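Quick notes on the structure that follows.
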2 protein chains.
Amino acid sequence: MEKKEAKTLPYESDVCEASYVDQDKVLSVLRGMKNESVMQRIAETFKVLGDPTRTKIIYALSSAELCVCDLASLLATTRSAISHQLRILRNMRLVKYRKEGKMVFYSLDDGHIRNLFNECLRHIEEEEYDRYDTGTS
Amino acid sequence: MEKKEAKTLPYESDVCEASYVDQDKVLSVLRGMKNESVMQRIAETFKVLGDPTRTKIIYALSSAELCVCDLASLLATTRSAISHQLRILRNMRLVKYRKEGKMVFYSLDDGHIRNLFNECLRHIEEEEYDRYDTGTS
DNA sequence: CTAACAGTTGAACAATTGTTCATTTGTTTG
DNA sequence: CAAACAAATGAACAATTGTTCAACTGTTAG
């Protein structure tokens with residue numbers, strides 16, 4: 001039970017335990033939190049959408065069904081790089097595919113992804129607007 | 001002008017240039033694409049939302065205004081780690097802050113972020129549903 | 001069958017990223 | 001002023017990530 005004296009703590013301890021935390025507020029937020037695995041899944045989804053190459057693939061597929069070679073040409077990169085990224089998108093069920101001979105055509109898996117994209121775009125545009133709006137008044 | 005013989009190309013060249021690309025389709029998609037900097041901004045936004053710690057911070061802030069110490073307590077991590085992540089969220093204008101004495105209270109910057117979050121959640125829930133729905137025809 | 005091609009994949013490498021540790025800044029209080 | 005505390009920050013480190021290179025699978029056409 002050795003109690004550490006305050007003096008022996010020159011900087012913060014590992015985890016914020018002691019300080020003036022608003023316990024009630026924190027507990028209330030904690031209760032409203034989705035469970036860990038859902039949070040993990042959300043983070044993962046955003047992360048997958050957060051790579052420039054994948055972002056562009058998704059955007060391209062939101063306007064047409066395309067094969068690997070089309071995408072490579074469109075994004076000026078190799079088929080290999082595209083293929084690696086498509087696998088990640090496939091695993092996250094963000095895109096689906098259809099085989100036709102030796103070609104494989106990819107498209108978006110569902111409409112939510114398009115919505116996510118548009119919502120993000122709206123945020124960015126509003127951000128842009130705000131930047132020029134501040135200063136008046 | 002040394003022309004390489006086909007035989008000296010045992011595998012694909014750097015970029016998909018030659019092959020059977022549907023030029024019309026690709027050009028049409030390309031025209032519909034947002035410009036590079038917008039795409040970059042979208043990717044960046046998703047990326048920032050795509051780290052588990054930041055995802056949780058955002059989610060927590062979507063239900064209450066909190067200080068660094070509250071967040072550290074809530075996520076069971078150090079104030080330093082939270083502070084580093086908050087800077088990133090600040091830079092992307094996803095959160096705003098308000099100083100009160102030596103405390104700093106953070107909150108979401110605008111409503112779009114909440115929408116983005118909810119849209120993502122809906123995608124995940126539908127995904128979950130689909131997984132148990134497949135098999136029947 | 002063989003050559004050519006679309007796509008996939010594994011290994012390796014460089015680049016980026018998140019956390020920790022330690023220090024610093026700025027505010028409040030004794 | 002000095003001690004105490006919230007928060008911010010820089011450096012360092014381990015872990016993760018995206019691309020490239022090279023090889024491989026499977027399909028089509030001569």
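Just so we're on the same page: first chain in the structure tokens is A, next is B, and so on; residues restart at 1 for each chain, and ligands are numbered from 1 in the order they show up.
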
Kindly provide, as a PyMOL selection string, the residues of chain A having any atom no farther than 8 Å from an atom of chain D, counting only C-alpha atoms (C1' of nucleotides).
chain A and resi 81+101-102

How about saving the chosen residues, C-alpha atoms kept, as a PDB file, in the first residue's frame?
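To be explicit, this is the file written out as again-v5.pdb:
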ATOM      1  CA  ALA A  81      -1.069  -0.963 -57.091  1.00  0.00           C
ATOM      2  CA  GLY A 101     -13.588 -13.361 -69.494  1.00  0.00           C
ATOM      3  CA  LYS A 102     -10.206 -12.270 -68.279  1.00  0.00           C
TER       4      LYS A 102
END

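Every residue of chain C that lies within 8 Å of chain B is listed here, counting only C-alpha atoms (C1' of nucleotides): DT19, DG26, DT27 and DT28 of chain C.
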
Saved selection, atoms kept: N, CA, C and O atoms (P, O5', C5', C4', C3', O3' and C1' of nucleotides), as a short mmCIF file (atom, residue, chain, number, x, y, z; two decimals), in the first residue's frame:
data_model
loop_
_atom_site.label_atom_id
_atom_site.label_comp_id
_atom_site.auth_asym_id
_atom_site.auth_seq_id
_atom_site.Cartn_x
_atom_site.Cartn_y
_atom_site.Cartn_z
P DT C 19 -2.58 6.96 -30.42
"O5'" DT C 19 -1.29 6.70 -29.52
"C5'" DT C 19 -0.78 5.37 -29.45
"C4'" DT C 19 0.51 5.36 -28.68
"C3'" DT C 19 0.46 6.06 -27.33
"O3'" DT C 19 0.83 5.13 -26.31
"C1'" DT C 19 2.33 6.81 -28.60
P DG C 26 3.39 31.19 -23.18
"O5'" DG C 26 2.10 31.06 -22.26
"C5'" DG C 26 1.02 30.25 -22.69
"C4'" DG C 26 0.05 30.06 -21.54
"C3'" DG C 26 -0.17 31.33 -20.70
"O3'" DG C 26 -1.54 31.41 -20.40
"C1'" DG C 26 0.45 29.57 -19.31
P DT C 27 -2.21 32.76 -19.92
"O5'" DT C 27 -3.10 32.31 -18.70
"C5'" DT C 27 -3.91 31.13 -18.80
"C4'" DT C 27 -4.14 30.56 -17.43
"C3'" DT C 27 -4.52 31.61 -16.37
"O3'" DT C 27 -5.80 31.28 -15.87
"C1'" DT C 27 -2.89 30.10 -15.54
P DT C 28 -6.59 32.24 -14.86
"O5'" DT C 28 -6.42 31.51 -13.47
"C5'" DT C 28 -6.87 30.16 -13.32
"C4'" DT C 28 -6.35 29.59 -12.01
"C3'" DT C 28 -6.73 30.42 -10.78
"O3'" DT C 28 -7.38 29.57 -9.86
"C1'" DT C 28 -4.42 29.89 -10.77
#

So that I can check the secondary structure, give me every residue of stretch 68-123 of chain A assigned strand (DSSP E) by backbone DSSP, as a list of chain:residue names.
A:Val95, A:Lys96, A:Tyr97, A:Arg98, A:Lys99, A:Glu100, A:Met103, A:Val104, A:Phe105, A:Tyr106, A:Ser107, A:Leu108

Provide as a ChimeraX atom specification the residues of chain B at most 7 Å from chain A, counting only C-alpha atoms.
/B:14-17,21-22,26,29-30,39-40,42-47,49-52,55-56,60,63,69-70,72-74,76-79,112,116,119-121,123

Please run DSSP on the backbone and report, as a PyMOL selection string, all residues within stretch 41-137 of chain B that come out as helix (DSSP H, G or I).
chain B and resi 41-49+52-61+68-75+79-91+111-133

Gap from atom CA of B:Tyr106 to atom CA of B:Leu89 - Å, one decimal:
10.3 Å

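Atom CA of B:Ile58 sits 16.0 Å away from atom CA of A:Ser37.
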
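Separating atom CA of B:Tyr97 from atom C1' of C:DT23 is a distance of 24.0 Å.
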